[in-house]
Amino acid sequence: MATTFTPRVFSGIQPSGGLTLGNYLGAIKRFVDMQADEFETIYCMVDLHAITVWQDPADLRRNTRELCAGFIASGIDPEQSVLFNQSQVPEHTQLGWIFNTVARMGWLNRMTQFKDKAGKNRENSSVGLFAYPALMAADILIYHATHVPVGEDQKQHVELTRDIAAKFNHDYGVDFFPVTEPVIEGAATRVMSLRDGSKKMSKSDASDMSRINMTDDADAIAQKIRKARTDPDALPSEVEGLKDRPEARNLVNIFAAMDDRSVEAVLADVGGKQFSEFKPMLADLAVAKLSPISTEMARLMEHPDEIDKILDRGATRAREIASPILKKTYEIVGMVGS
Ligand code: TRP
C-alpha cells in the first residue's frame, strides 16, 4: 500500500550573490504564499551548493545573512516556516552521500545546469558541481518533502530527485521516500533581463541596469524601469500580441506577478497604452511593493547576531525532522549502530 506523506514544502536558494527581482517573484513571493496553505514549509539557504563554484568566504557569509534578511523582509515568518542554512544541518550531506551511490553517472551527465555551469572546462569543474543534484535530492527528501516550488530551470533537478527516490525505494524494496512534485507556476516564474528579454535576470550580469536588486532604493528601481529596453509598439490587449516581443512580455509579466493578477487581466487594462505611459505605472507598483522590503532588509542587516540566532533556531527545528529520517535510511541501507 502506498504510504501517505504529510504535505510538506521544501525549497532552497543559493547565497551566491545579491537577491534580485527574479529571486523575489520567481521564488520568495511564492514561498510566502505557500505559508498560508495547508503545508508545512521549510526554506533553506543552500550554502553547500553555493560553494560548488568558488565563493569568497566573507561574501558567502554576507550573502547568507542577506538572503535570510530577504526571506524575512518579504514575509517568511521564521516561526511559521523552518528557515535555516544547509551547512548547519549535517543530515543533508549524510543523505547526499547515500544518494551519490544511488544516482547514476549517466543521469548526472544529462543535467543541463551542469553542462551550462561547467561549460567547456569540465575537467576543471569541481566534483561537487557534478554531484550537486544528488545533494539537492537529499535536501528535499531528508524532510520527505512532497512539494518543491522552483523555477523552470530547476525542473530537471526535481525530476532527478523523483528518479533517485524511486530507485532507492525499488533497490531496497521499501516505500520510504515520496515522489516529490515540482510546483512551477505564476506569470513571472522566469523574470528576464531588463536589457535583453531573451536572457534571465541574473545577479551575475555585467550590467546592473539589467536587474532590479532587492537592495535597490526607490530611485534606482524607477530609473531601471524607465530605461528598460522595449519595442516601439503599443501594448496589446491580448496575450497572443506578446508573441515575439520578449521585452514587452517580460514587463507585463513582472507587472502581473507584482499585482497578483493574471497577464490577461493586466492586458485588458493596459492594452493600447504606449510604454511611455506603462513604464511609470510599473515603476510606481514596483517601488510600492519592493521598497518596504529593501528598507526592512537594511534594518535586519544591522543586526547580524539576530539573523544568526534565527538561523540557529531554524537548524534545530530542521534537525528534529531530518534526524529520524536519516536514522531510518541508515537502517534500511544496513548500517550498524544506533
Ligand atoms: N538548485 C537550486 C537553484 O539553483 C537551489 C536548490 C538547492 C534547491 N537545493 C534545493 C531548490 C532543493 C529546491 C529544492 O535554484
# chains A, B, ... in the order shown; residues from 1 in each chain; ligands from 1

call {"tool": "closest_atom_pairs", "arguments": {"of": "chain A", "to": "ligand 1", "cutoff": "6 Å", "atoms": "only C-alpha atoms and all ligand atoms", "output": "JSON lines"}}
result
{"residue": "A:Phe10", "atom": "CA", "partner": "ligand 1", "partner_atom_place_in_ligand_line": "14 (C)", "distance": 5.9}
{"residue": "A:Ser11", "atom": "CA", "partner": "ligand 1", "partner_atom_place_in_ligand_line": "13 (C)", "distance": 3.9}
{"residue": "A:Gly12", "atom": "CA", "partner": "ligand 1", "partner_atom_place_in_ligand_line": "8 (C)", "distance": 4.0}
{"residue": "A:Ile13", "atom": "CA", "partner": "ligand 1", "partner_atom_place_in_ligand_line": "5 (C)", "distance": 4.7}
{"residue": "A:Gln14", "atom": "CA", "partner": "ligand 1", "partner_atom_place_in_ligand_line": "5 (C)", "distance": 5.6}
{"residue": "A:Val46", "atom": "CA", "partner": "ligand 1", "partner_atom_place_in_ligand_line": "7 (C)", "distance": 5.6}
{"residue": "A:Met136", "atom": "CA", "partner": "ligand 1", "partner_atom_place_in_ligand_line": "9 (N)", "distance": 4.1}
{"residue": "A:Asp139", "atom": "CA", "partner": "ligand 1", "partner_atom_place_in_ligand_line": "12 (C)", "distance": 5.4}
{"residue": "A:Ile140", "atom": "CA", "partner": "ligand 1", "partner_atom_place_in_ligand_line": "12 (C)", "distance": 5.5}
{"residue": "A:Val148", "atom": "CA", "partner": "ligand 1", "partner_atom_place_in_ligand_line": "14 (C)", "distance": 5.9}
{"residue": "A:Val150", "atom": "CA", "partner": "ligand 1", "partner_atom_place_in_ligand_line": "13 (C)", "distance": 5.8}

call {"tool": "write_last_selection", "arguments": {"atoms": "C-alpha atoms", "output": "CSV table (one decimal), in the first residue's frame"}}
result
chain,number,residue,atom,x,y,z
A,10,PHE,CA,10.9,22.4,0.7
A,11,SER,CA,12.8,24.9,-1.3
A,12,GLY,CA,16.2,26.4,-1.4
A,13,ILE,CA,18.1,29.4,-2.8
A,14,GLN,CA,21.9,29.7,-3.1
A,46,VAL,CA,21.9,26.3,0.3
A,136,MET,CA,19.6,18.7,-3.9
A,139,ASP,CA,17.8,18.5,0.7
A,140,ILE,CA,14.3,17.6,-0.4
A,148,VAL,CA,9.0,21.8,-4.3
A,150,VAL,CA,11.1,26.1,-8.2

call {"tool": "residues_around", "arguments": {"residues": "A:Cys44", "least_positions_apart": "3", "cutoff": "10 Å", "atoms": "only C-alpha atoms", "output": "list in words"}}
result
Phe10, Ser11, Gly12, Ile13, Gln14, Pro15, Asp47, Leu67, Cys68, Phe71, Val82, Leu83, Phe84, Asn85, Gln86, Ser87, Asp139, Leu311, Gly314, Ala315 and Ala318 of chain A

call {"tool": "write_last_selection", "arguments": {"atoms": "N, CA and C atoms", "output": "mmCIF file, in the first residue's frame"}}
result
data_model
loop_
_atom_site.group_PDB
_atom_site.id
_atom_site.type_symbol
_atom_site.label_atom_id
_atom_site.label_comp_id
_atom_site.auth_asym_id
_atom_site.auth_seq_id
_atom_site.Cartn_x
_atom_site.Cartn_y
_atom_site.Cartn_z
ATOM 1 N N PHE A 10 9.447 22.069 0.539
ATOM 2 C CA PHE A 10 10.851 22.438 0.749
ATOM 3 C C PHE A 10 11.325 23.211 -0.466
ATOM 4 N N SER A 11 12.078 24.293 -0.230
ATOM 5 C CA SER A 11 12.802 24.887 -1.342
ATOM 6 C C SER A 11 14.062 25.568 -0.836
ATOM 7 N N GLY A 12 14.965 25.834 -1.749
ATOM 8 C CA GLY A 12 16.245 26.426 -1.378
ATOM 9 C C GLY A 12 16.699 27.464 -2.383
ATOM 10 N N ILE A 13 17.487 28.406 -1.887
ATOM 11 C CA ILE A 13 18.111 29.406 -2.755
ATOM 12 C C ILE A 13 19.588 29.473 -2.381
ATOM 13 N N GLN A 14 20.439 29.609 -3.408
ATOM 14 C CA GLN A 14 21.868 29.695 -3.140
ATOM 15 C C GLN A 14 22.255 31.097 -2.691
ATOM 16 N N PRO A 15 23.022 31.200 -1.606
ATOM 17 C CA PRO A 15 23.500 32.515 -1.179
ATOM 18 C C PRO A 15 24.774 32.875 -1.938
ATOM 19 N N ASP A 47 24.013 26.916 1.244
ATOM 20 C CA ASP A 47 25.417 27.352 1.175
ATOM 21 C C ASP A 47 26.338 26.260 0.648
ATOM 22 N N LEU A 67 20.428 36.952 2.387
ATOM 23 C CA LEU A 67 19.324 36.114 1.883
ATOM 24 C C LEU A 67 18.315 35.853 2.995
ATOM 25 N N CYS A 68 18.818 35.582 4.184
ATOM 26 C CA CYS A 68 17.918 35.356 5.319
ATOM 27 C C CYS A 68 17.091 36.621 5.578
ATOM 28 N N PHE A 71 14.407 36.897 2.938
ATOM 29 C CA PHE A 71 13.275 35.998 3.214
ATOM 30 C C PHE A 71 12.333 36.637 4.236
ATOM 31 N N VAL A 82 10.209 26.812 8.720
ATOM 32 C CA VAL A 82 11.547 26.477 9.201
ATOM 33 C C VAL A 82 12.540 27.144 8.246
ATOM 34 N N LEU A 83 13.364 28.037 8.778
ATOM 35 C CA LEU A 83 14.268 28.854 7.951
ATOM 36 C C LEU A 83 15.692 28.659 8.458
ATOM 37 N N PHE A 84 16.575 28.165 7.600
ATOM 38 C CA PHE A 84 17.925 27.802 8.087
ATOM 39 C C PHE A 84 18.901 27.719 6.931
ATOM 40 N N ASN A 85 20.204 27.592 7.281
ATOM 41 C CA ASN A 85 21.182 27.333 6.222
ATOM 42 C C ASN A 85 21.679 25.895 6.280
ATOM 43 N N GLN A 86 21.793 25.362 5.075
ATOM 44 C CA GLN A 86 22.047 23.944 4.813
ATOM 45 C C GLN A 86 23.228 23.356 5.595
ATOM 46 N N SER A 87 24.335 24.086 5.659
ATOM 47 C CA SER A 87 25.537 23.525 6.291
ATOM 48 C C SER A 87 25.308 23.212 7.763
ATOM 49 N N ASP A 139 18.424 17.328 0.011
ATOM 50 C CA ASP A 139 17.779 18.490 0.662
ATOM 51 C C ASP A 139 16.269 18.252 0.769
ATOM 52 N N LEU A 311 18.710 31.703 12.347
ATOM 53 C CA LEU A 311 19.214 30.556 11.578
ATOM 54 C C LEU A 311 19.516 29.359 12.484
ATOM 55 N N GLY A 314 16.301 27.752 13.431
ATOM 56 C CA GLY A 314 15.761 27.042 12.273
ATOM 57 C C GLY A 314 16.469 25.710 12.073
ATOM 58 N N ALA A 315 17.793 25.709 12.249
ATOM 59 C CA ALA A 315 18.571 24.474 12.060
ATOM 60 C C ALA A 315 18.159 23.432 13.095
ATOM 61 N N ALA A 318 14.895 22.047 11.978
ATOM 62 C CA ALA A 318 15.081 21.206 10.784
ATOM 63 C C ALA A 318 15.626 19.837 11.183
#

call {"tool": "residues_around", "arguments": {"residues": "A:Glu91", "least_positions_apart": "4", "cutoff": "9 Å", "atoms": "only C-alpha atoms", "output": "PyMOL selection string"}}
result
chain A and resi 95-96+138-139+142+319+322-323+325-326

call {"tool": "closest_residue", "arguments": {"among": "A:Ser81, A:Asp59, A:Ala256, A:Pro7", "to": "A:Phe39", "atoms": "only C-alpha atoms"}}
result
A:Pro7

call {"tool": "closest_residue", "arguments": {"among": "A:Phe31, A:Phe5, A:Phe177, A:Trp54", "to": "A:Phe99", "atoms": "only C-alpha atoms"}}
result
A:Phe177

call {"tool": "select_by_dssp", "arguments": {"residues": "stretch 21-147 of chain A", "states": "alpha helix (DSSP H)", "output": "VMD selection string"}}
result
chain A and resid 21 to 23 29 to 35 47 to 50 57 to 74 91 to 102 105 to 109 112 to 118 127 to 141

call {"tool": "closest_residue", "arguments": {"among": "A:Thr6, A:Thr161, A:Gln94, A:Ser202", "to": "A:Asn23", "atoms": "only C-alpha atoms"}}
result
A:Ser202

call {"tool": "select_by_dssp", "arguments": {"residues": "stretch 97-237 of chain A", "states": "strand (DSSP E)", "output": "mmCIF file with N, CA, C and O atoms, in the first residue's frame"}}
result
data_model
loop_
_atom_site.group_PDB
_atom_site.id
_atom_site.type_symbol
_atom_site.label_atom_id
_atom_site.label_comp_id
_atom_site.auth_asym_id
_atom_site.auth_seq_id
_atom_site.Cartn_x
_atom_site.Cartn_y
_atom_site.Cartn_z
ATOM 1 N N HIS A 147 6.269 18.668 -1.990
ATOM 2 C CA HIS A 147 6.129 19.724 -2.992
ATOM 3 C C HIS A 147 7.345 20.639 -2.967
ATOM 4 O O HIS A 147 7.780 21.057 -1.892
ATOM 5 N N VAL A 148 7.850 20.957 -4.157
ATOM 6 C CA VAL A 148 9.031 21.807 -4.261
ATOM 7 C C VAL A 148 8.766 22.947 -5.244
ATOM 8 O O VAL A 148 8.762 22.738 -6.462
ATOM 9 N N PRO A 149 8.518 24.152 -4.739
ATOM 10 C CA PRO A 149 8.344 25.279 -5.654
ATOM 11 C C PRO A 149 9.706 25.715 -6.208
ATOM 12 O O PRO A 149 10.620 26.021 -5.439
ATOM 13 N N GLU A 181 6.603 16.409 -6.042
ATOM 14 C CA GLU A 181 6.063 17.196 -7.164
ATOM 15 C C GLU A 181 6.783 18.540 -7.289
ATOM 16 O O GLU A 181 6.852 19.289 -6.311
ATOM 17 N N PRO A 182 7.251 18.878 -8.473
ATOM 18 C CA PRO A 182 7.705 20.262 -8.663
ATOM 19 C C PRO A 182 6.472 21.173 -8.756
ATOM 20 O O PRO A 182 5.450 20.765 -9.300
ATOM 21 N N VAL A 183 6.545 22.355 -8.204
ATOM 22 C CA VAL A 183 5.442 23.311 -8.302
ATOM 23 C C VAL A 183 5.964 24.511 -9.093
ATOM 24 O O VAL A 183 6.751 25.301 -8.585
#

call {"tool": "residues_around", "arguments": {"residues": "A:Ile76", "least_positions_apart": "6", "cutoff": "10 Å", "atoms": "only C-alpha atoms", "output": "PyMOL selection string"}}
result
chain A and resi 28-29+31-35+41+43+68-70+82-83

call {"tool": "write_last_selection", "arguments": {"atoms": "N, CA, C and O atoms", "output": "compact mmCIF listing (two decimals), in the first residue's frame"}}
result
# COMPACT_ATOMS: atom_id res chain seq x y z
N ILE A 28 10.76 33.64 -3.86
CA ILE A 28 10.42 34.01 -2.47
C ILE A 28 8.95 34.36 -2.30
O ILE A 28 8.30 33.96 -1.34
N LYS A 29 8.40 35.11 -3.26
CA LYS A 29 7.00 35.52 -3.13
C LYS A 29 6.08 34.29 -3.09
O LYS A 29 5.11 34.25 -2.34
N PHE A 31 7.05 31.36 -2.03
CA PHE A 31 7.30 30.69 -0.75
C PHE A 31 6.41 31.32 0.33
O PHE A 31 5.87 30.63 1.19
N VAL A 32 6.29 32.65 0.27
CA VAL A 32 5.46 33.36 1.24
C VAL A 32 4.00 32.91 1.09
O VAL A 32 3.34 32.57 2.07
N ASP A 33 3.53 32.88 -0.15
CA ASP A 33 2.14 32.49 -0.39
C ASP A 33 1.86 31.07 0.12
O ASP A 33 0.78 30.79 0.62
N MET A 34 2.83 30.18 -0.02
CA MET A 34 2.61 28.78 0.37
C MET A 34 2.53 28.60 1.88
O MET A 34 2.01 27.59 2.36
N GLN A 35 3.02 29.58 2.61
CA GLN A 35 2.90 29.52 4.08
C GLN A 35 1.44 29.49 4.50
O GLN A 35 1.09 28.94 5.54
N THR A 41 6.14 24.35 5.83
CA THR A 41 7.06 24.97 4.87
C THR A 41 8.47 25.04 5.45
O THR A 41 8.67 25.48 6.58
N TYR A 43 12.35 26.33 4.34
CA TYR A 43 13.12 27.10 3.36
C TYR A 43 14.58 27.20 3.79
O TYR A 43 14.89 27.47 4.95
N CYS A 68 18.82 35.58 4.18
CA CYS A 68 17.92 35.36 5.32
C CYS A 68 17.09 36.62 5.58
O CYS A 68 15.87 36.55 5.77
N ALA A 69 17.75 37.78 5.56
CA ALA A 69 17.03 39.05 5.75
C ALA A 69 15.99 39.24 4.65
O ALA A 69 14.88 39.70 4.89
N GLY A 70 16.35 38.86 3.42
CA GLY A 70 15.43 38.98 2.30
C GLY A 70 14.19 38.10 2.48
O GLY A 70 13.07 38.53 2.21
N VAL A 82 10.21 26.81 8.72
CA VAL A 82 11.55 26.48 9.20
C VAL A 82 12.54 27.14 8.25
O VAL A 82 12.52 26.89 7.05
N LEU A 83 13.36 28.04 8.78
CA LEU A 83 14.27 28.85 7.95
C LEU A 83 15.69 28.66 8.46
O LEU A 83 15.98 28.94 9.62

call {"tool": "closest_residue", "arguments": {"among": "A:Glu264, A:Glu247, A:Asp77, A:Glu66", "to": "A:Asn213", "atoms": "only C-alpha atoms"}}
result
A:Glu66

call {"tool": "atom_distance", "arguments": {"atom1": "atom CA of A:Leu267", "atom2": "atom CA of A:Val239"}}
result
7.3 Å

call {"tool": "residues_around", "arguments": {"residues": "stretch 121-130 of chain A", "least_positions_apart": "3", "cutoff": "10 Å", "atoms": "only C-alpha atoms", "output": "list of chain:residue names"}}
result
A:Leu48, A:His49, A:Ala50, A:Ile51, A:Thr52, A:Val53, A:Trp54, A:Met105, A:Leu108, A:Asn109, A:Met111, A:Gln113, A:Phe114, A:Lys115, A:Asp116, A:Lys117, A:Ala118, A:Pro133, A:Ala134, A:Leu135

call {"tool": "closest_residue", "arguments": {"among": "A:Val252, A:Ile98, A:Ala222, A:Ala268", "to": "A:Glu238", "atoms": "only C-alpha atoms"}}
result
A:Ala268

call {"tool": "closest_residue", "arguments": {"among": "A:Ser210, A:Thr146, A:Thr112, A:Gln274", "to": "A:Tyr132", "atoms": "only C-alpha atoms"}}
result
A:Thr112

call {"tool": "residues_around", "arguments": {"residues": "A:Phe278", "least_positions_apart": "3", "cutoff": "12 Å", "atoms": "only C-alpha atoms", "output": "list in words"}}
result
Ile225, Arg226, Ala228, Thr230, Asp233, Ala234, Leu235, Pro236, Ala248, Leu251, Val252, Phe255, Val266, Leu267, Asp269, Val270, Gly271, Gly272, Lys273, Gln274, Phe275, Met281, Leu282, Ala283, Asp284 and Leu285 of chain A

call {"tool": "write_last_selection", "arguments": {"atoms": "N, CA, C and O atoms", "output": "short mmCIF file (atom, residue, chain, number, x, y, z; two decimals), in the first residue's frame"}}
result
data_model
loop_
_atom_site.label_atom_id
_atom_site.label_comp_id
_atom_site.auth_asym_id
_atom_site.auth_seq_id
_atom_site.Cartn_x
_atom_site.Cartn_y
_atom_site.Cartn_z
N ILE A 225 13.54 50.84 -14.49
CA ILE A 225 12.34 50.53 -15.27
C ILE A 225 12.17 51.54 -16.41
O ILE A 225 11.85 51.18 -17.54
N ARG A 226 12.44 52.79 -16.12
CA ARG A 226 12.33 53.82 -17.16
C ARG A 226 13.27 53.51 -18.33
O ARG A 226 12.94 53.71 -19.49
N ALA A 228 14.43 50.53 -19.15
CA ALA A 228 14.34 49.14 -19.63
C ALA A 228 14.13 49.14 -21.14
O ALA A 228 13.44 50.00 -21.69
N THR A 230 12.60 48.27 -24.64
CA THR A 230 11.26 47.90 -25.12
C THR A 230 11.27 47.97 -26.64
O THR A 230 12.28 48.30 -27.24
N ASP A 233 6.18 49.52 -30.27
CA ASP A 233 4.72 49.38 -30.41
C ASP A 233 3.98 49.59 -29.09
O ASP A 233 4.55 49.49 -28.02
N ALA A 234 2.70 49.84 -29.23
CA ALA A 234 1.84 49.93 -28.03
C ALA A 234 1.62 48.53 -27.47
O ALA A 234 1.87 47.53 -28.14
N LEU A 235 1.14 48.45 -26.23
CA LEU A 235 0.88 47.15 -25.62
C LEU A 235 -0.36 46.53 -26.24
O LEU A 235 -1.33 47.23 -26.56
N PRO A 236 -0.36 45.21 -26.39
CA PRO A 236 -1.52 44.53 -26.96
C PRO A 236 -2.60 44.35 -25.89
O PRO A 236 -2.32 44.47 -24.70
N ALA A 248 8.51 43.29 -24.02
CA ALA A 248 7.15 43.68 -23.62
C ALA A 248 6.55 42.60 -22.72
O ALA A 248 5.97 42.89 -21.66
N LEU A 251 8.00 42.79 -19.13
CA LEU A 251 7.49 43.88 -18.28
C LEU A 251 6.04 43.62 -17.86
O LEU A 251 5.65 43.89 -16.72
N VAL A 252 5.26 43.06 -18.77
CA VAL A 252 3.86 42.75 -18.42
C VAL A 252 3.82 41.61 -17.38
O VAL A 252 3.06 41.66 -16.41
N PHE A 255 4.68 43.04 -14.05
CA PHE A 255 3.54 43.81 -13.53
C PHE A 255 2.48 42.86 -12.95
O PHE A 255 2.02 43.04 -11.81
N VAL A 266 -4.24 42.04 -16.72
CA VAL A 266 -3.42 43.25 -16.84
C VAL A 266 -3.56 43.83 -18.25
O VAL A 266 -3.77 45.03 -18.43
N LEU A 267 -3.48 42.94 -19.26
CA LEU A 267 -3.57 43.44 -20.64
C LEU A 267 -4.94 44.03 -20.94
O LEU A 267 -5.07 44.98 -21.72
N ASP A 269 -6.52 45.85 -19.05
CA ASP A 269 -6.43 47.24 -18.58
C ASP A 269 -5.48 48.10 -19.40
O ASP A 269 -5.77 49.25 -19.69
N VAL A 270 -4.30 47.56 -19.70
CA VAL A 270 -3.25 48.43 -20.25
C VAL A 270 -3.10 48.29 -21.76
O VAL A 270 -2.30 49.02 -22.36
N GLY A 271 -3.84 47.37 -22.38
CA GLY A 271 -3.76 47.20 -23.83
C GLY A 271 -3.98 48.54 -24.53
O GLY A 271 -4.87 49.30 -24.13
N GLY A 272 -3.17 48.82 -25.55
CA GLY A 272 -3.30 50.09 -26.28
C GLY A 272 -2.41 51.20 -25.73
O GLY A 272 -2.15 52.18 -26.42
N LYS A 273 -1.92 51.04 -24.49
CA LYS A 273 -1.04 52.10 -23.94
C LYS A 273 0.36 51.99 -24.53
O LYS A 273 0.84 50.91 -24.84
N GLN A 274 1.02 53.14 -24.63
CA GLN A 274 2.43 53.17 -25.02
C GLN A 274 3.29 52.87 -23.78
O GLN A 274 2.85 53.06 -22.65
N PHE A 275 4.54 52.46 -24.05
CA PHE A 275 5.44 52.21 -22.91
C PHE A 275 5.68 53.47 -22.09
O PHE A 275 5.89 53.41 -20.89
N MET A 281 3.66 53.42 -14.59
CA MET A 281 2.74 52.60 -13.77
C MET A 281 3.49 51.44 -13.13
O MET A 281 3.32 51.13 -11.95
N LEU A 282 4.35 50.81 -13.96
CA LEU A 282 5.13 49.68 -13.46
C LEU A 282 6.11 50.15 -12.39
O LEU A 282 6.29 49.49 -11.35
N ALA A 283 6.74 51.30 -12.63
CA ALA A 283 7.71 51.81 -11.66
C ALA A 283 7.03 52.10 -10.33
O ALA A 283 7.54 51.74 -9.26
N ASP A 284 5.84 52.71 -10.37
CA ASP A 284 5.12 53.00 -9.12
C ASP A 284 4.78 51.72 -8.37
O ASP A 284 4.95 51.64 -7.15
N LEU A 285 4.31 50.74 -9.12
CA LEU A 285 3.95 49.46 -8.49
C LEU A 285 5.18 48.80 -7.87
O LEU A 285 5.15 48.33 -6.72
#
